[in-house]
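Trainee: Next comes the structure file my_file-v6.pdb, holding PDB, C-alpha atoms.
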```
ATOM      1  CA  MET A 218      28.479  97.201 -20.721
ATOM      2  CA  SER A 219      26.152  94.862 -18.892
ATOM      3  CA  LEU A 220      27.021  91.601 -20.668
ATOM      4  CA  ASP A 221      30.300  90.150 -21.922
ATOM      5  CA  VAL A 222      29.076  89.126 -25.363
ATOM      6  CA  SER A 223      31.279  86.712 -27.280
ATOM      7  CA  PRO A 224      31.994  87.393 -30.951
ATOM      8  CA  ALA A 225      30.067  84.219 -31.843
ATOM      9  CA  LEU A 226      26.964  85.342 -29.939
ATOM     10  CA  LEU A 227      27.168  88.799 -31.462
ATOM     11  CA  GLU A 228      27.429  87.190 -34.898
ATOM     12  CA  GLN A 229      24.277  85.148 -34.141
ATOM     13  CA  ALA A 230      22.442  88.360 -33.262
ATOM     14  CA  GLU A 231      23.629  90.072 -36.420
ATOM     15  CA  ARG A 232      22.406  87.133 -38.539
ATOM     16  CA  GLY A 233      18.969  87.006 -36.928
ATOM     17  CA  GLU A 234      17.555  84.979 -34.074
ATOM     18  CA  VAL A 235      19.745  84.094 -31.116
ATOM     19  CA  ASP A 236      19.670  80.697 -29.437
ATOM     20  CA  GLU A 237      18.232  81.438 -25.993
ATOM     21  CA  ALA A 238      20.468  78.853 -24.316
ATOM     22  CA  ASP A 239      23.492  80.740 -25.636
ATOM     23  CA  PHE A 240      22.040  84.004 -24.358
ATOM     24  CA  VAL A 241      21.346  82.496 -20.925
ATOM     25  CA  ASP A 242      24.927  81.215 -20.780
ATOM     26  CA  CYS A 243      26.148  84.731 -21.598
ATOM     27  CA  VAL A 244      24.065  86.081 -18.712
ATOM     28  CA  ARG A 245      25.403  83.358 -16.394
ATOM     29  CA  THR A 246      29.025  84.202 -17.135
ATOM     30  CA  SER A 247      28.536  87.990 -17.302
ATOM     31  CA  LEU A 248      26.436  88.401 -14.145
ATOM     32  CA  PRO A 249      27.655  85.673 -11.769
ATOM     33  CA  TYR A 250      26.351  87.305  -8.579
ATOM     34  CA  ALA A 251      22.844  87.699 -10.012
ATOM     35  CA  TRP A 252      22.968  84.168 -11.444
ATOM     36  CA  GLU A 253      24.006  82.676  -8.108
ATOM     37  CA  MET A 254      21.345  84.657  -6.247
ATOM     38  CA  ILE A 255      18.580  83.444  -8.553
ATOM     39  CA  SER A 256      19.918  79.863  -8.628
ATOM     40  CA  SER A 257      20.057  79.674  -4.838
ATOM     41  CA  LEU A 258      16.545  81.080  -4.443
ATOM     42  CA  VAL A 259      15.179  78.607  -6.995
ATOM     43  CA  ALA A 260      16.870  75.774  -5.094
ATOM     44  CA  GLN A 261      15.492  77.095  -1.795
ATOM     45  CA  LEU A 262      11.983  77.247  -3.249
ATOM     46  CA  LYS A 263      12.255  73.660  -4.480
ATOM     47  CA  VAL A 264      13.541  72.383  -1.136
ATOM     48  CA  ASP A 265      11.339  74.425   1.196
ATOM     49  CA  GLY A 266       8.241  74.669  -0.965
ATOM     50  CA  GLY A 267       5.861  77.455  -0.099
ATOM     51  CA  GLU A 268       4.639  80.424  -2.077
ATOM     52  CA  PHE A 269       8.020  82.050  -2.735
ATOM     53  CA  ALA A 270      11.664  82.324  -1.703
ATOM     54  CA  ASP A 271      13.364  85.692  -1.281
ATOM     55  CA  ASN A 272      16.626  87.347  -0.407
ATOM     56  CA  GLN A 273      16.752  90.181   2.103
ATOM     57  CA  THR A 274      20.531  90.484   2.436
ATOM     58  CA  PRO A 275      22.084  93.443   0.598
ATOM     59  CA  PRO A 276      24.733  92.629  -2.004
ATOM     60  CA  PRO A 277      28.312  92.645  -0.684
ATOM     61  CA  ASP A 278      29.438  95.516  -2.921
ATOM     62  CA  GLU A 279      28.372  97.871  -5.691
ATOM     63  CA  GLN A 280      29.536  95.521  -8.438
ATOM     64  CA  ALA A 281      27.226  92.789  -7.152
ATOM     65  CA  ARG A 282      24.383  95.285  -6.724
ATOM     66  CA  GLY A 283      24.895  96.429 -10.316
ATOM     67  CA  GLN A 284      24.709  92.861 -11.587
ATOM     68  CA  LEU A 285      21.420  92.297  -9.826
ATOM     69  CA  LEU A 286      19.982  95.547 -11.135
ATOM     70  CA  ARG A 287      21.117  94.851 -14.705
ATOM     71  CA  ALA A 288      19.687  91.328 -14.668
ATOM     72  CA  LEU A 289      16.283  92.438 -13.428
ATOM     73  CA  ALA A 290      15.992  95.763 -15.237
ATOM     74  CA  SER A 291      16.360  94.201 -18.675
ATOM     75  CA  ASP A 292      13.174  92.655 -20.016
ATOM     76  CA  ALA A 293      15.207  90.332 -22.272
ATOM     77  CA  ILE A 294      17.487  89.111 -19.477
ATOM     78  CA  ARG A 295      14.714  88.816 -16.922
ATOM     79  CA  GLY A 296      12.446  86.949 -19.339
ATOM     80  CA  ALA A 297      15.194  84.537 -20.368
ATOM     81  CA  LEU A 298      16.039  83.837 -16.716
ATOM     82  CA  GLN A 299      12.376  83.231 -15.852
ATOM     83  CA  ARG A 300      12.010  80.789 -18.739
ATOM     84  CA  HIS A 301      15.315  79.054 -17.943
ATOM     85  CA  PHE A 302      14.537  78.538 -14.255
ATOM     86  CA  GLY A 303      10.765  78.077 -14.684
ATOM     87  CA  VAL A 304       9.867  80.779 -12.149
ATOM     88  CA  ARG A 305       8.549  84.308 -11.956
ATOM     89  CA  LEU A 306      10.974  86.911 -10.606
ATOM     90  CA  ALA A 307       9.907  89.854  -8.464
ATOM     91  CA  PHE A 308      12.181  92.656  -7.275
ATOM     92  CA  GLN A 309      12.000  95.335  -4.600
ATOM     93  CA  ASN A 310      14.559  98.001  -3.754
ATOM     94  CA  CYS A 311      18.155  97.278  -4.635
ATOM     95  CA  HIS A 312      18.381  93.701  -3.426
ATOM     96  CA  ARG A 313      15.134  92.053  -2.381
ATOM     97  CA  LEU A 314      14.692  89.465  -5.073
ATOM     98  CA  ALA A 315      11.981  86.827  -4.862
ATOM     99  CA  VAL A 316      11.236  83.788  -6.978
ATOM    100  CA  PHE A 317       7.686  82.554  -7.336
ATOM    101  CA  PRO A 318       6.569  79.294  -8.941
ATOM    102  CA  LEU A 319       4.594  79.480 -12.164
ATOM    103  CA  ASP A 320       1.636  77.938 -10.330
ATOM    104  CA  ALA A 321      -1.403  80.251 -10.439
ATOM    105  CA  SER A 322      -2.132  79.428  -6.795
ATOM    106  CA  VAL A 323       0.515  81.981  -5.732
ATOM    107  CA  ASP A 324      -0.763  84.801  -7.964
ATOM    108  CA  GLU A 325      -2.322  86.635  -5.008
ATOM    109  CA  ARG A 326       0.932  86.448  -3.016
ATOM    110  CA  LEU A 327       2.917  87.696  -6.024
ATOM    111  CA  ALA A 328       0.460  90.565  -6.449
ATOM    112  CA  ARG A 329       0.924  91.532  -2.787
ATOM    113  CA  PHE A 330       4.723  91.354  -3.099
ATOM    114  CA  THR A 331       4.768  93.566  -6.200
ATOM    115  CA  SER A 332       2.064  95.981  -5.018
ATOM    116  CA  VAL A 333       2.580  99.636  -4.141
ATOM    117  CA  ARG A 334       1.797  98.717  -0.538
ATOM    118  CA  GLY A 335       4.416  95.960  -0.588
ATOM    119  CA  GLN A 336       6.993  98.338  -1.990
ATOM    120  CA  LEU A 337       6.276 100.968   0.658
ATOM    121  CA  LEU A 338       6.415  98.457   3.490
ATOM    122  CA  ASN A 339       9.835  97.285   2.302
ATOM    123  CA  GLN A 340      11.441 100.728   2.639
ATOM    124  CA  SER A 341      14.090 101.717   5.158
ATOM    125  CA  PRO A 342      16.481 104.684   5.511
ATOM    126  CA  GLY A 343      19.409 102.328   4.962
ATOM    127  CA  LEU A 344      18.182 101.573   1.447
ATOM    128  CA  ARG A 345      17.769 105.214   0.449
ATOM    129  CA  ASP A 346      20.929 105.298  -1.700
ATOM    130  CA  CYS A 347      21.061 101.745  -2.942
TER     131      CYS A 347
END
```
Reformat the file's structure so that it appears as structure tokens.
Mentor:
Amino acid sequence: MSLDVSPALLEQAERGEVDEADFVDCVRTSLPYAWEMISSLVAQLKVDGGEFADNQTPPPDEQARGQLLRALASDAIRGALQRHFGVRLAFQNCHRLAVFPLDASVDERLARFTSVRGQLLNQSPGLRDC
């Protein structure tokens, strides 16, 4: 299971709409490595400015890698995180996560990061099995 869903949150879902803040808190507690990675990149972007902030360090273990993959592979989780942090998330390989501001001035840089060319240039034999 990718998230540790409380009985109360599950009950919300069964009744209808879920409070997004409750969902985001579930993600925060269920995927702490992914949460910390995104939080630190958002903070870095705010401090350093620029077009984006990214991580190029592989996760310390498979559990952490799995958290990152689950957070970014789910449209619901990814969308909630983007809305919560006020950024756009981009992902390459098994660990290269980038946060981009919502500002349209970085659209071209985001497009380059998420392009086929960008993906190919970010390959290495060490990432083959990640």
Trainee: So how many Å separate CA of Ala307 in chain A and CA of Glu234 in chain A, to one decimal?
Mentor: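 That distance, rounded to one decimal, is 27.2 Å.
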Trainee: Evaluate the PyMOL selection byres ((chain A and resi 289-301) around 12) on the structure here and hand back the selected residues as a JSON list (two decimals) with C-alpha atoms, in the coordinates of the input.
Mentor:
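The result, stored in out38.json:
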```json
[["chain", "number", "residue", "atom", "x", "y", "z"],
["A", 219, "SER", "CA", 26.15, 94.86, -18.89],
["A", 220, "LEU", "CA", 27.02, 91.60, -20.67],
["A", 235, "VAL", "CA", 19.74, 84.09, -31.12],
["A", 236, "ASP", "CA", 19.67, 80.70, -29.44],
["A", 237, "GLU", "CA", 18.23, 81.44, -25.99],
["A", 238, "ALA", "CA", 20.47, 78.85, -24.32],
["A", 239, "ASP", "CA", 23.49, 80.74, -25.64],
["A", 240, "PHE", "CA", 22.04, 84.00, -24.36],
["A", 241, "VAL", "CA", 21.35, 82.50, -20.92],
["A", 242, "ASP", "CA", 24.93, 81.22, -20.78],
["A", 243, "CYS", "CA", 26.15, 84.73, -21.60],
["A", 244, "VAL", "CA", 24.06, 86.08, -18.71],
["A", 245, "ARG", "CA", 25.40, 83.36, -16.39],
["A", 247, "SER", "CA", 28.54, 87.99, -17.30],
["A", 248, "LEU", "CA", 26.44, 88.40, -14.14],
["A", 251, "ALA", "CA", 22.84, 87.70, -10.01],
["A", 252, "TRP", "CA", 22.97, 84.17, -11.44],
["A", 253, "GLU", "CA", 24.01, 82.68, -8.11],
["A", 254, "MET", "CA", 21.34, 84.66, -6.25],
["A", 255, "ILE", "CA", 18.58, 83.44, -8.55],
["A", 256, "SER", "CA", 19.92, 79.86, -8.63],
["A", 259, "VAL", "CA", 15.18, 78.61, -7.00],
["A", 282, "ARG", "CA", 24.38, 95.28, -6.72],
["A", 283, "GLY", "CA", 24.90, 96.43, -10.32],
["A", 284, "GLN", "CA", 24.71, 92.86, -11.59],
["A", 285, "LEU", "CA", 21.42, 92.30, -9.83],
["A", 286, "LEU", "CA", 19.98, 95.55, -11.14],
["A", 287, "ARG", "CA", 21.12, 94.85, -14.70],
["A", 288, "ALA", "CA", 19.69, 91.33, -14.67],
["A", 302, "PHE", "CA", 14.54, 78.54, -14.26],
["A", 303, "GLY", "CA", 10.76, 78.08, -14.68],
["A", 304, "VAL", "CA", 9.87, 80.78, -12.15],
["A", 305, "ARG", "CA", 8.55, 84.31, -11.96],
["A", 306, "LEU", "CA", 10.97, 86.91, -10.61],
["A", 307, "ALA", "CA", 9.91, 89.85, -8.46],
["A", 308, "PHE", "CA", 12.18, 92.66, -7.28],
["A", 309, "GLN", "CA", 12.00, 95.34, -4.60],
["A", 310, "ASN", "CA", 14.56, 98.00, -3.75],
["A", 311, "CYS", "CA", 18.16, 97.28, -4.64],
["A", 312, "HIS", "CA", 18.38, 93.70, -3.43],
["A", 313, "ARG", "CA", 15.13, 92.05, -2.38],
["A", 314, "LEU", "CA", 14.69, 89.46, -5.07],
["A", 315, "ALA", "CA", 11.98, 86.83, -4.86],
["A", 316, "VAL", "CA", 11.24, 83.79, -6.98],
["A", 317, "PHE", "CA", 7.69, 82.55, -7.34],
["A", 318, "PRO", "CA", 6.57, 79.29, -8.94],
["A", 319, "LEU", "CA", 4.59, 79.48, -12.16]]
```
Trainee: Please report the interatomic distance between CA of Asp271 in chain A and CA of Thr246 in chain A in Å with one decimal.
Mentor: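 Computing it gives 22.3 Å between the two atoms.
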Trainee: Would you compute the distance between CA of Glu268 in chain A and CA of Ala321 in chain A? Give it in Å to one decimal.
Mentor: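 About the pair CA of Glu268 in chain A and CA of Ala321 in chain A: they are 10.3 Å apart.
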Trainee: Closest to Asp320 in chain A among A:Gly267, A:Glu279, A:Thr274, A:Glu231, using all atoms listed in the file?
Mentor: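 The answer is A:Gly267, which sits nearest to Asp320 in chain A.
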Trainee: Which residue gives the smallest distance to Phe269 in chain A among A:Arg329, A:Ala281, A:Gly233, A:Val323, with all atoms listed in the file counted?
Mentor: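 Once distances to Phe269 in chain A are computed over all atoms listed in the file, the minimum belongs to A:Val323.
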Trainee: Using all atoms listed in the file, which of A:Glu325, A:Glu228, A:Asp221, A:Asp265 sits nearest Pro249 in chain A?
Mentor: A:Asp221
Trainee: Could you give me the centre and size, in Å to one decimal, of an axis-aligned box around all listed atoms of range 219-238 of chain A with 5 Å added on every side, as AutoDock Vina command-line options?
Mentor:
```
--center_x 24.8 --center_y 86.9 --center_z -28.7 --size_x 24.4 --size_y 26.0 --size_z 29.6
```
Trainee: Reconstruct N, CA, C and O atoms of range 278-299 of chain A from the incomplete input and present them as an mmCIF file, in the frame of the given file.
Mentor:
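Dumped everything to rebuild.cif:
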```
data_model
loop_
_atom_site.group_PDB
_atom_site.id
_atom_site.type_symbol
_atom_site.label_atom_id
_atom_site.label_comp_id
_atom_site.auth_asym_id
_atom_site.auth_seq_id
_atom_site.Cartn_x
_atom_site.Cartn_y
_atom_site.Cartn_z
ATOM 1 N N ASP A 278 28.763 94.325 -2.396
ATOM 2 C CA ASP A 278 29.438 95.516 -2.921
ATOM 3 C C ASP A 278 28.637 96.078 -4.098
ATOM 4 O O ASP A 278 27.633 95.502 -4.521
ATOM 5 N N GLU A 279 29.102 97.203 -4.606
ATOM 6 C CA GLU A 279 28.372 97.871 -5.691
ATOM 7 C C GLU A 279 28.403 97.081 -6.993
ATOM 8 O O GLU A 279 27.470 97.143 -7.781
ATOM 9 N N GLN A 280 29.472 96.338 -7.229
ATOM 10 C CA GLN A 280 29.536 95.521 -8.438
ATOM 11 C C GLN A 280 28.438 94.461 -8.417
ATOM 12 O O GLN A 280 27.743 94.251 -9.410
ATOM 13 N N ALA A 281 28.273 93.804 -7.284
ATOM 14 C CA ALA A 281 27.226 92.789 -7.152
ATOM 15 C C ALA A 281 25.842 93.431 -7.279
ATOM 16 O O ALA A 281 24.958 92.895 -7.951
ATOM 17 N N ARG A 282 25.658 94.574 -6.636
ATOM 18 C CA ARG A 282 24.383 95.285 -6.724
ATOM 19 C C ARG A 282 24.066 95.632 -8.190
ATOM 20 O O ARG A 282 22.948 95.468 -8.661
ATOM 21 N N GLY A 283 25.079 96.090 -8.905
ATOM 22 C CA GLY A 283 24.895 96.429 -10.316
ATOM 23 C C GLY A 283 24.496 95.228 -11.146
ATOM 24 O O GLY A 283 23.665 95.336 -12.049
ATOM 25 N N GLN A 284 25.078 94.076 -10.850
ATOM 26 C CA GLN A 284 24.709 92.861 -11.587
ATOM 27 C C GLN A 284 23.244 92.517 -11.374
ATOM 28 O O GLN A 284 22.525 92.184 -12.320
ATOM 29 N N LEU A 285 22.812 92.607 -10.139
ATOM 30 C CA LEU A 285 21.420 92.297 -9.826
ATOM 31 C C LEU A 285 20.479 93.273 -10.529
ATOM 32 O O LEU A 285 19.478 92.867 -11.128
ATOM 33 N N LEU A 286 20.818 94.539 -10.474
ATOM 34 C CA LEU A 286 19.982 95.547 -11.135
ATOM 35 C C LEU A 286 19.948 95.339 -12.642
ATOM 36 O O LEU A 286 18.887 95.422 -13.266
ATOM 37 N N ARG A 287 21.095 95.054 -13.249
ATOM 38 C CA ARG A 287 21.117 94.851 -14.705
ATOM 39 C C ARG A 287 20.307 93.625 -15.100
ATOM 40 O O ARG A 287 19.585 93.642 -16.097
ATOM 41 N N ALA A 288 20.420 92.551 -14.327
ATOM 42 C CA ALA A 288 19.687 91.328 -14.668
ATOM 43 C C ALA A 288 18.186 91.537 -14.601
ATOM 44 O O ALA A 288 17.441 91.026 -15.439
ATOM 45 N N LEU A 289 17.723 92.299 -13.625
ATOM 46 C CA LEU A 289 16.283 92.438 -13.428
ATOM 47 C C LEU A 289 15.684 93.639 -14.132
ATOM 48 O O LEU A 289 14.472 93.683 -14.341
ATOM 49 N N ALA A 290 16.508 94.585 -14.543
ATOM 50 C CA ALA A 290 15.992 95.763 -15.237
ATOM 51 C C ALA A 290 15.820 95.521 -16.733
ATOM 52 O O ALA A 290 15.105 96.253 -17.394
ATOM 53 N N SER A 291 16.464 94.512 -17.250
ATOM 54 C CA SER A 291 16.360 94.201 -18.675
ATOM 55 C C SER A 291 15.233 93.198 -18.902
ATOM 56 O O SER A 291 15.260 92.092 -18.361
ATOM 57 N N ASP A 292 14.270 93.570 -19.710
ATOM 58 C CA ASP A 292 13.174 92.655 -20.016
ATOM 59 C C ASP A 292 13.692 91.369 -20.669
ATOM 60 O O ASP A 292 13.215 90.280 -20.359
ATOM 61 N N ALA A 293 14.678 91.506 -21.577
ATOM 62 C CA ALA A 293 15.207 90.332 -22.272
ATOM 63 C C ALA A 293 15.914 89.393 -21.303
ATOM 64 O O ALA A 293 15.700 88.171 -21.332
ATOM 65 N N ILE A 294 16.760 89.942 -20.434
ATOM 66 C CA ILE A 294 17.487 89.111 -19.477
ATOM 67 C C ILE A 294 16.519 88.487 -18.481
ATOM 68 O O ILE A 294 16.536 87.273 -18.237
ATOM 69 N N ARG A 295 15.665 89.304 -17.920
ATOM 70 C CA ARG A 295 14.714 88.816 -16.922
ATOM 71 C C ARG A 295 13.820 87.718 -17.500
ATOM 72 O O ARG A 295 13.606 86.679 -16.886
ATOM 73 N N GLY A 296 13.307 87.946 -18.695
ATOM 74 C CA GLY A 296 12.446 86.949 -19.339
ATOM 75 C C GLY A 296 13.181 85.651 -19.611
ATOM 76 O O GLY A 296 12.644 84.564 -19.373
ATOM 77 N N ALA A 297 14.415 85.741 -20.089
ATOM 78 C CA ALA A 297 15.194 84.537 -20.368
ATOM 79 C C ALA A 297 15.478 83.768 -19.080
ATOM 80 O O ALA A 297 15.414 82.533 -19.050
ATOM 81 N N LEU A 298 15.784 84.493 -18.000
ATOM 82 C CA LEU A 298 16.039 83.837 -16.716
ATOM 83 C C LEU A 298 14.773 83.168 -16.182
ATOM 84 O O LEU A 298 14.821 82.044 -15.669
ATOM 85 N N GLN A 299 13.639 83.820 -16.310
ATOM 86 C CA GLN A 299 12.376 83.231 -15.852
ATOM 87 C C GLN A 299 12.067 81.951 -16.626
ATOM 88 O O GLN A 299 11.675 80.937 -16.035
#
```
